[in-house]
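Below: the structure, in structure tokens.
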There are 2 protein chains.
Amino acid sequence: MNIEDMVLVSVDDHVVEPPHLFEGRLPAKYADLAPQFVTRADGSNAWVYEGQEVSNVALNAVAGRPKDEYGIEPTSFAELRAGTYDIDERVKDMDANGVLGSLCFPSFPQFCGQLFARTEDKDVALAMVQAYNDWHIDEWCGTHPGRFIPCPLPAIWDPEVLAAEVRRTAAKGARAVTFSENPSKLGWPSLHSDHWDPFWKACSEEGVVVCMHIGSSSQLVVTAPDAPIDCLITLSPINIVQAATDLTWSPVLRKFPDLKVALSEGGIGWIPYFLERVDYQYRQHHIWTGQDFGDRMPSEVFSEQILTCFIDDRFGVHSREYLNMDNVMWECDYPHSDSTWPFSPEQVGEHFVGVSDHDIDRITHLNAMNHFGFDPFTLLGGRERGTVGSLRASAAGHDVSIKSTKAKVGGGAPVRASELGQALAAPQR
Amino acid sequence: MNIEDMVLVSVDDHVVEPPHLFEGRLPAKYADLAPQFVTRADGSNAWVYEGQEVSNVALNAVAGRPKDEYGIEPTSFAELRAGTYDIDERVKDMDANGVLGSLCFPSFPQFCGQLFARTEDKDVALAMVQAYNDWHIDEWCGTHPGRFIPCPLPAIWDPEVLAAEVRRTAAKGARAVTFSENPSKLGWPSLHSDHWDPFWKACSEEGVVVCMHIGSSSQLVVTAPDAPIDCLITLSPINIVQAATDLTWSPVLRKFPDLKVALSEGGIGWIPYFLERVDYQYRQHHIWTGQDFGDRMPSEVFSEQILTCFIDDRFGVHSREYLNMDNVMWECDYPHSDSTWPFSPEQVGEHFVGVSDHDIDRITHLNAMNHFGFDPFTLLGGRERGTVGSLRASAAGHDVSIKSTKAKVGGGAPVRASELGQALAAPQR
């Protein structure tokens, strides 16, 4: 397949929330409690909510900037590419990259809306989550129909409230929800308990995919106090093997066979090893550990219900005969530092040499459309309007050149993993 | 290749130390301080050293027992297969499994001799380590020449003493040393510091392979307090990706280009994913993180200096075009619960369909012989005396049938990962 003829739907991008997010979206009695967007004395921006101050982190929104400006310090909106927070600019950036569809994870409320979950008055917490979700679905995803897959926040503090919000947003068209790869690390019951059953049930019944993004346990892997930041970056995706393991051996998948869980940004090249490992272990140990998969194997259950996702994984694509090819999906990760933007078609296309058109279509968009109930073709009037070539033609002249937006040149001392670990993992103040 | 014609050298087995280990091996002034082998009131056995009592753990020595007797409680020697602790019986068990050579890790002193390292008087600590190493090299490995690859304990508390002991044991023929996958987790400086440079230097100069076995950080992966033991078992091998990451980004490999490090029991199927990931990350991030590999890539340095090891990894063997096939080695893991004993030739042979004889030979013995300076063929008088078929013929009549050695039937409550985590990770008393 020529790369111009590919259709790209990314199941992992990120929105930097715009300052006006909560305007007109909260009940009058809570309007004054809305998170406030502020500019600090040093020029950086932050959100302030209930005395908690949440910085942006540059590593999270570096699209369009030179690599020597990647870093971990807070940034101002002035340093960000407009496509990170402006929906019209975002669509232009997608067009210029040949990307038709996008699922966007949240930034400042954290992956599971922890910022709101900490609110003592849970009515207020729910109002914030619902205002956020309404903005996300109606404005961020609704302004350009057929371009975005909604992925609302979870009301994580109460499984019944959580289930109800899943059903409410599903009624508004959302077929995804962001959730934690390990709620136990956030202080909630683990995936091994039955605490979350109302949530799994709602997702199963509504056809809502549970998206567990890397880092959503707020526990990054810091191997040693003096380990360089490179160690943390290497380990962040593969660390989701822990969630894969929890899901495999927990009752969740077997109890809710219609449930689908996406391991967002987890990569795919390690999955065949993992599947072989769990089956070997099952044969070797289940007699004394008590695991029971009936007439199936752990790898079968995993392969049916777990959606696997990658940004750039040549070896994974090469090993596709070991994967359930109905569940593999591609990601752009705009505007994060691991993103392939604005050369995604070229970069992923390199890995598709020798891959059948059917497999390419499944990876790049058919699986995402199927699992997330996303149908851009009907809205646009045909597949040909959503190809890389067609979208890029429509974005002719849109500037995607790398631009410095900061005076910073070179680096100071090497960054250690423990610093970013603290910056991301600690409750944000 | 017919499985009878394979030659198997295992680079990962385990010795259960026999009670007489220290007899006559300590200077007279320290003889009374030797660890004592005791039988407790409940019939189980333990070692007692300086007030610390170290249990055996059944999961560690279950060869020959039915799977419903695997567990985590302490056992007596009477419950163990004699081959776990008796060198002549061990060789018979190897013969019956068609295994020519074996590298054995320690049991009761822990992987890095932590038991001895805690001794306040470091002269005593060194005497214990040296007595252990002399027993290991002279008796365990020396009784049947050409059958064992010595792997001494490290004097981990002082890098200069450590280096000296490496040189002393190298002079006695030992070309391996057991070490921690993450000394930082044991309270020592990390792999990123220059603390260990005398050790790396000694190993480089003496051609000694540093063997980092899974679990040698004494930190097992417990995802949640109620995670079943199955989670811990799945994650134990792949968790060595942390050591692989530390080694890749630390100065160690680049500073000591002749150093070889083995990731013992780490598996190989995830390595191609890992190598692609570190290179992707290097291109994407090195400008701001400051990593410098000159005209090489991280994957090249890793592939040259890291020895990769597997017990049973069909996908890894299938993916061998992505691996440095001069560094892949096979493991038996006798007598642990993941071992393929006594059917190792059949089990690993299944994965060799379509693999060239040269690759089979490299995996099964040539690489081990090369890296550990192990030459059984000269001693035995030719390769044909060390084949699976030849060894098994010599063991005709040796009983390898599964036998219950305990009254335990069925299980109690399912075992949780946190229990074994505590049992193995806590300083053993």
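Chain labels follow the order of the structure tokens: the first chain is A, the next B, and so on; residue numbering restarts at 1 in every chain, and ligands are counted from 1 in their shown order.
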
For B:Leu232, list every protein, DNA or RNA residue within 10 Å, evaluated using only C-alpha atoms, and leave out those in the same chain fewer than 2 positions away; present the list as a list in words.
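That gives Gln242, Thr245 and Asp246 of chain A; Leu220, Val221, Val222, Thr223, Ala227, Pro228, Ile229, Asp230, Thr234, Leu235, Ser236, Pro237, Asn239, Arg416, Ala417, Ser418, Leu420 and Gly421 of chain B.
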
Just asking: which residues within stretch 76-250 of chain A are helix (DSSP H, G or I) according to DSSP, as a PyMOL selection string?
chain A and resi 77-79+82-84+87-96+114-117+122-140+159-171+183-186+197-206+229-238+241-249

I need the chain B residues near chain A as a PyMOL selection string; criterion: at most 8 Å, counting only C-alpha atoms.
chain B and resi 67-71+182+184-185+190+192-193+223-224+226-231+233-235+241-242+245-246+249-250+269-270+272-273+276-278+281+284-285+287-290+313-316+337-338+410-411+414-415

Hey, what's within 6 Å of stretch 174-178 of chain A if we count only C-alpha atoms and toss same-chain stuff fewer than 2 positions away? As a list in words, please?
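Returned residues: Pro150, Cys151, Pro152, Leu153, Thr169, Ala170, Lys172, Val208, Val209, Val210, Cys211 and Phe372 of chain A.
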
Selection above as a file: C-alpha atoms, as a CSV table (one decimal), in the first residue's frame:
```csv
chain,number,residue,atom,x,y,z
A,150,PRO,CA,-14.3,10.6,22.9
A,151,CYS,CA,-12.5,9.3,26.0
A,152,PRO,CA,-14.1,10.7,29.1
A,153,LEU,CA,-12.7,10.8,32.6
A,169,THR,CA,-21.3,9.5,28.4
A,170,ALA,CA,-22.0,6.4,26.4
A,172,LYS,CA,-23.6,10.9,24.4
A,208,VAL,CA,-17.1,1.0,26.2
A,209,VAL,CA,-13.3,0.2,26.0
A,210,VAL,CA,-11.4,0.8,29.2
A,211,CYS,CA,-8.2,2.6,28.2
A,372,PHE,CA,-14.7,2.5,19.5
```

Quick one: DSSP strand (DSSP E) residues in stretch 93-278 of chain A, as number ranges by chain?
A: 99-105, 148-149, 176-179, 209-213, 261-264

Keeping only N, CA, C and O atoms, write the selected residues as an mmCIF file, in the first residue's frame.
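That gives us out_25.cif:
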```cif
data_model
loop_
_atom_site.group_PDB
_atom_site.id
_atom_site.type_symbol
_atom_site.label_atom_id
_atom_site.label_comp_id
_atom_site.auth_asym_id
_atom_site.auth_seq_id
_atom_site.Cartn_x
_atom_site.Cartn_y
_atom_site.Cartn_z
ATOM 1 N N VAL A 99 -3.516 12.313 9.526
ATOM 2 C CA VAL A 99 -4.253 11.553 10.537
ATOM 3 C C VAL A 99 -5.729 11.936 10.518
ATOM 4 O O VAL A 99 -6.081 13.095 10.750
ATOM 5 N N LEU A 100 -6.572 10.952 10.286
ATOM 6 C CA LEU A 100 -8.011 11.194 10.192
ATOM 7 C C LEU A 100 -8.677 11.284 11.551
ATOM 8 O O LEU A 100 -9.462 12.197 11.818
ATOM 9 N N GLY A 101 -8.405 10.339 12.418
ATOM 10 C CA GLY A 101 -9.103 10.273 13.695
ATOM 11 C C GLY A 101 -8.156 10.237 14.878
ATOM 12 O O GLY A 101 -7.000 9.823 14.740
ATOM 13 N N SER A 102 -8.657 10.641 16.051
ATOM 14 C CA SER A 102 -7.792 10.758 17.214
ATOM 15 C C SER A 102 -8.575 10.559 18.504
ATOM 16 O O SER A 102 -9.665 11.107 18.677
ATOM 17 N N LEU A 103 -7.996 9.784 19.406
ATOM 18 C CA LEU A 103 -8.533 9.644 20.766
ATOM 19 C C LEU A 103 -7.578 10.383 21.687
ATOM 20 O O LEU A 103 -6.373 10.095 21.695
ATOM 21 N N CYS A 104 -8.091 11.346 22.456
ATOM 22 C CA CYS A 104 -7.222 12.209 23.269
ATOM 23 C C CYS A 104 -7.393 11.965 24.764
ATOM 24 O O CYS A 104 -8.501 12.042 25.294
ATOM 25 N N PHE A 105 -6.283 11.732 25.425
ATOM 26 C CA PHE A 105 -6.274 11.582 26.876
ATOM 27 C C PHE A 105 -6.139 12.964 27.530
ATOM 28 O O PHE A 105 -5.626 13.895 26.923
ATOM 29 N N PHE A 148 -12.800 12.765 15.973
ATOM 30 C CA PHE A 148 -12.328 12.415 17.315
ATOM 31 C C PHE A 148 -13.145 11.301 17.959
ATOM 32 O O PHE A 148 -14.361 11.219 17.772
ATOM 33 N N ILE A 149 -12.437 10.469 18.697
ATOM 34 C CA ILE A 149 -13.051 9.394 19.486
ATOM 35 C C ILE A 149 -13.084 9.875 20.933
ATOM 36 O O ILE A 149 -12.031 10.039 21.553
ATOM 37 N N ALA A 176 -15.339 4.965 25.007
ATOM 38 C CA ALA A 176 -14.069 4.726 25.698
ATOM 39 C C ALA A 176 -14.139 5.411 27.049
ATOM 40 O O ALA A 176 -14.988 6.287 27.268
ATOM 41 N N VAL A 177 -13.267 5.009 27.954
ATOM 42 C CA VAL A 177 -13.100 5.709 29.223
ATOM 43 C C VAL A 177 -11.647 5.512 29.640
ATOM 44 O O VAL A 177 -11.064 4.447 29.417
ATOM 45 N N THR A 178 -11.053 6.559 30.187
ATOM 46 C CA THR A 178 -9.676 6.415 30.663
ATOM 47 C C THR A 178 -9.702 5.916 32.103
ATOM 48 O O THR A 178 -10.556 6.320 32.899
ATOM 49 N N PHE A 179 -8.791 4.979 32.407
ATOM 50 C CA PHE A 179 -8.796 4.357 33.733
ATOM 51 C C PHE A 179 -7.356 4.023 34.108
ATOM 52 O O PHE A 179 -6.435 4.172 33.307
ATOM 53 N N VAL A 209 -14.705 0.767 25.788
ATOM 54 C CA VAL A 209 -13.345 0.246 25.987
ATOM 55 C C VAL A 209 -12.691 0.966 27.169
ATOM 56 O O VAL A 209 -12.702 2.197 27.236
ATOM 57 N N VAL A 210 -12.122 0.187 28.085
ATOM 58 C CA VAL A 210 -11.380 0.755 29.213
ATOM 59 C C VAL A 210 -9.940 0.988 28.762
ATOM 60 O O VAL A 210 -9.228 0.032 28.439
ATOM 61 N N CYS A 211 -9.529 2.246 28.715
ATOM 62 C CA CYS A 211 -8.183 2.580 28.239
ATOM 63 C C CYS A 211 -7.241 2.789 29.413
ATOM 64 O O CYS A 211 -7.413 3.731 30.188
ATOM 65 N N MET A 212 -6.265 1.897 29.537
ATOM 66 C CA MET A 212 -5.267 2.024 30.603
ATOM 67 C C MET A 212 -3.979 2.542 29.982
ATOM 68 O O MET A 212 -3.242 1.783 29.338
ATOM 69 N N HIS A 213 -3.708 3.807 30.179
ATOM 70 C CA HIS A 213 -2.535 4.430 29.580
ATOM 71 C C HIS A 213 -1.318 4.208 30.467
ATOM 72 O O HIS A 213 -1.438 4.180 31.688
ATOM 73 N N VAL A 261 -10.178 -4.064 27.068
ATOM 74 C CA VAL A 261 -9.253 -3.162 27.757
ATOM 75 C C VAL A 261 -8.095 -2.834 26.823
ATOM 76 O O VAL A 261 -7.472 -3.748 26.268
ATOM 77 N N ALA A 262 -7.814 -1.561 26.635
ATOM 78 C CA ALA A 262 -6.687 -1.144 25.791
ATOM 79 C C ALA A 262 -5.479 -0.808 26.664
ATOM 80 O O ALA A 262 -5.613 -0.097 27.660
ATOM 81 N N LEU A 263 -4.315 -1.331 26.270
ATOM 82 C CA LEU A 263 -3.067 -0.985 26.963
ATOM 83 C C LEU A 263 -2.414 0.151 26.180
ATOM 84 O O LEU A 263 -1.544 -0.069 25.330
ATOM 85 N N SER A 264 -2.822 1.366 26.488
ATOM 86 C CA SER A 264 -2.455 2.519 25.672
ATOM 87 C C SER A 264 -0.984 2.883 25.829
ATOM 88 O O SER A 264 -0.498 3.072 26.936
#
```

Could you list, as a PyMOL selection string, every residue within 12 Å of A:Trp140, counting only C-alpha atoms and ignoring same-chain residues fewer than 6 positions away?
chain A and resi 14-18+20-21+83-91+102-106+132-134+146-152

Write the residues of the selection above to a file with N, CA and C atoms, as a PDB file, in the first residue's frame.
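Contents of the output file part25.pdb:
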```pdb
ATOM      1  N   HIS A  14      -3.066  13.406  23.043  1.00  0.00           N
ATOM      2  CA  HIS A  14      -3.278  14.102  24.318  1.00  0.00           C
ATOM      3  C   HIS A  14      -3.760  15.520  24.072  1.00  0.00           C
ATOM      4  N   VAL A  15      -4.697  15.941  24.893  1.00  0.00           N
ATOM      5  CA  VAL A  15      -5.163  17.329  24.811  1.00  0.00           C
ATOM      6  C   VAL A  15      -4.549  18.131  25.954  1.00  0.00           C
ATOM      7  N   VAL A  16      -4.054  19.317  25.643  1.00  0.00           N
ATOM      8  CA  VAL A  16      -3.715  20.273  26.689  1.00  0.00           C
ATOM      9  C   VAL A  16      -4.957  21.153  26.843  1.00  0.00           C
ATOM     10  N   GLU A  17      -5.584  21.079  27.989  1.00  0.00           N
ATOM     11  CA  GLU A  17      -6.881  21.713  28.163  1.00  0.00           C
ATOM     12  C   GLU A  17      -6.786  23.230  28.042  1.00  0.00           C
ATOM     13  N   PRO A  18      -7.704  23.852  27.270  1.00  0.00           N
ATOM     14  CA  PRO A  18      -7.690  25.310  27.104  1.00  0.00           C
ATOM     15  C   PRO A  18      -8.294  26.001  28.322  1.00  0.00           C
ATOM     16  N   HIS A  20     -10.567  28.108  28.822  1.00  0.00           N
ATOM     17  CA  HIS A  20     -12.016  28.356  28.934  1.00  0.00           C
ATOM     18  C   HIS A  20     -12.837  27.110  29.215  1.00  0.00           C
ATOM     19  N   LEU A  21     -12.155  25.993  29.443  1.00  0.00           N
ATOM     20  CA  LEU A  21     -12.822  24.685  29.520  1.00  0.00           C
ATOM     21  C   LEU A  21     -14.118  24.698  30.332  1.00  0.00           C
ATOM     22  N   GLY A  83      -1.756  23.709  18.301  1.00  0.00           N
ATOM     23  CA  GLY A  83      -2.490  22.456  18.108  1.00  0.00           C
ATOM     24  C   GLY A  83      -2.612  21.622  19.369  1.00  0.00           C
ATOM     25  N   THR A  84      -1.809  21.923  20.372  1.00  0.00           N
ATOM     26  CA  THR A  84      -1.911  21.149  21.606  1.00  0.00           C
ATOM     27  C   THR A  84      -3.207  21.454  22.348  1.00  0.00           C
ATOM     28  N   TYR A  85      -3.708  22.713  22.242  1.00  0.00           N
ATOM     29  CA  TYR A  85      -4.888  23.114  23.031  1.00  0.00           C
ATOM     30  C   TYR A  85      -6.026  23.695  22.199  1.00  0.00           C
ATOM     31  N   ASP A  86      -5.778  24.080  20.942  1.00  0.00           N
ATOM     32  CA  ASP A  86      -6.800  24.709  20.101  1.00  0.00           C
ATOM     33  C   ASP A  86      -7.344  23.682  19.116  1.00  0.00           C
ATOM     34  N   ILE A  87      -8.635  23.425  19.163  1.00  0.00           N
ATOM     35  CA  ILE A  87      -9.196  22.311  18.407  1.00  0.00           C
ATOM     36  C   ILE A  87      -9.074  22.511  16.888  1.00  0.00           C
ATOM     37  N   ASP A  88      -9.207  23.748  16.428  1.00  0.00           N
ATOM     38  CA  ASP A  88      -9.073  23.963  14.985  1.00  0.00           C
ATOM     39  C   ASP A  88      -7.631  23.771  14.529  1.00  0.00           C
ATOM     40  N   GLU A  89      -6.709  24.272  15.335  1.00  0.00           N
ATOM     41  CA  GLU A  89      -5.299  24.068  15.024  1.00  0.00           C
ATOM     42  C   GLU A  89      -4.918  22.585  15.133  1.00  0.00           C
ATOM     43  N   ARG A  90      -5.543  21.907  16.084  1.00  0.00           N
ATOM     44  CA  ARG A  90      -5.284  20.458  16.231  1.00  0.00           C
ATOM     45  C   ARG A  90      -5.653  19.718  14.947  1.00  0.00           C
ATOM     46  N   VAL A  91      -6.818  20.047  14.418  1.00  0.00           N
ATOM     47  CA  VAL A  91      -7.259  19.351  13.202  1.00  0.00           C
ATOM     48  C   VAL A  91      -6.312  19.651  12.040  1.00  0.00           C
ATOM     49  N   SER A 102      -8.657  10.641  16.051  1.00  0.00           N
ATOM     50  CA  SER A 102      -7.792  10.758  17.214  1.00  0.00           C
ATOM     51  C   SER A 102      -8.575  10.559  18.504  1.00  0.00           C
ATOM     52  N   LEU A 103      -7.996   9.784  19.406  1.00  0.00           N
ATOM     53  CA  LEU A 103      -8.533   9.644  20.766  1.00  0.00           C
ATOM     54  C   LEU A 103      -7.578  10.383  21.687  1.00  0.00           C
ATOM     55  N   CYS A 104      -8.091  11.346  22.456  1.00  0.00           N
ATOM     56  CA  CYS A 104      -7.222  12.209  23.269  1.00  0.00           C
ATOM     57  C   CYS A 104      -7.393  11.965  24.764  1.00  0.00           C
ATOM     58  N   PHE A 105      -6.283  11.732  25.425  1.00  0.00           N
ATOM     59  CA  PHE A 105      -6.274  11.582  26.876  1.00  0.00           C
ATOM     60  C   PHE A 105      -6.139  12.964  27.530  1.00  0.00           C
ATOM     61  N   PRO A 106      -6.578  13.068  28.792  1.00  0.00           N
ATOM     62  CA  PRO A 106      -6.523  14.348  29.512  1.00  0.00           C
ATOM     63  C   PRO A 106      -5.096  14.685  29.958  1.00  0.00           C
ATOM     64  N   TYR A 132     -16.080  18.453  32.715  1.00  0.00           N
ATOM     65  CA  TYR A 132     -14.928  18.106  31.875  1.00  0.00           C
ATOM     66  C   TYR A 132     -15.366  17.207  30.720  1.00  0.00           C
ATOM     67  N   ASN A 133     -16.134  16.185  31.068  1.00  0.00           N
ATOM     68  CA  ASN A 133     -16.544  15.217  30.045  1.00  0.00           C
ATOM     69  C   ASN A 133     -17.456  15.858  28.993  1.00  0.00           C
ATOM     70  N   ASP A 134     -18.335  16.749  29.436  1.00  0.00           N
ATOM     71  CA  ASP A 134     -19.211  17.433  28.473  1.00  0.00           C
ATOM     72  C   ASP A 134     -18.372  18.292  27.518  1.00  0.00           C
ATOM     73  N   GLY A 146     -16.580  13.434  13.193  1.00  0.00           N
ATOM     74  CA  GLY A 146     -15.884  12.396  12.436  1.00  0.00           C
ATOM     75  C   GLY A 146     -14.377  12.433  12.581  1.00  0.00           C
ATOM     76  N   ARG A 147     -13.870  13.282  13.472  1.00  0.00           N
ATOM     77  CA  ARG A 147     -12.417  13.370  13.618  1.00  0.00           C
ATOM     78  C   ARG A 147     -11.914  12.885  14.981  1.00  0.00           C
ATOM     79  N   PHE A 148     -12.800  12.765  15.973  1.00  0.00           N
ATOM     80  CA  PHE A 148     -12.328  12.415  17.315  1.00  0.00           C
ATOM     81  C   PHE A 148     -13.145  11.301  17.959  1.00  0.00           C
ATOM     82  N   ILE A 149     -12.437  10.469  18.697  1.00  0.00           N
ATOM     83  CA  ILE A 149     -13.051   9.394  19.486  1.00  0.00           C
ATOM     84  C   ILE A 149     -13.084   9.875  20.933  1.00  0.00           C
ATOM     85  N   PRO A 150     -14.259  10.116  21.505  1.00  0.00           N
ATOM     86  CA  PRO A 150     -14.305  10.628  22.876  1.00  0.00           C
ATOM     87  C   PRO A 150     -13.756   9.615  23.882  1.00  0.00           C
ATOM     88  N   CYS A 151     -13.067  10.121  24.882  1.00  0.00           N
ATOM     89  CA  CYS A 151     -12.514   9.278  25.962  1.00  0.00           C
ATOM     90  C   CYS A 151     -12.665  10.032  27.279  1.00  0.00           C
ATOM     91  N   PRO A 152     -13.831   9.919  27.913  1.00  0.00           N
ATOM     92  CA  PRO A 152     -14.118  10.701  29.124  1.00  0.00           C
ATOM     93  C   PRO A 152     -13.289  10.261  30.331  1.00  0.00           C
TER      94      PRO A 152
END
```
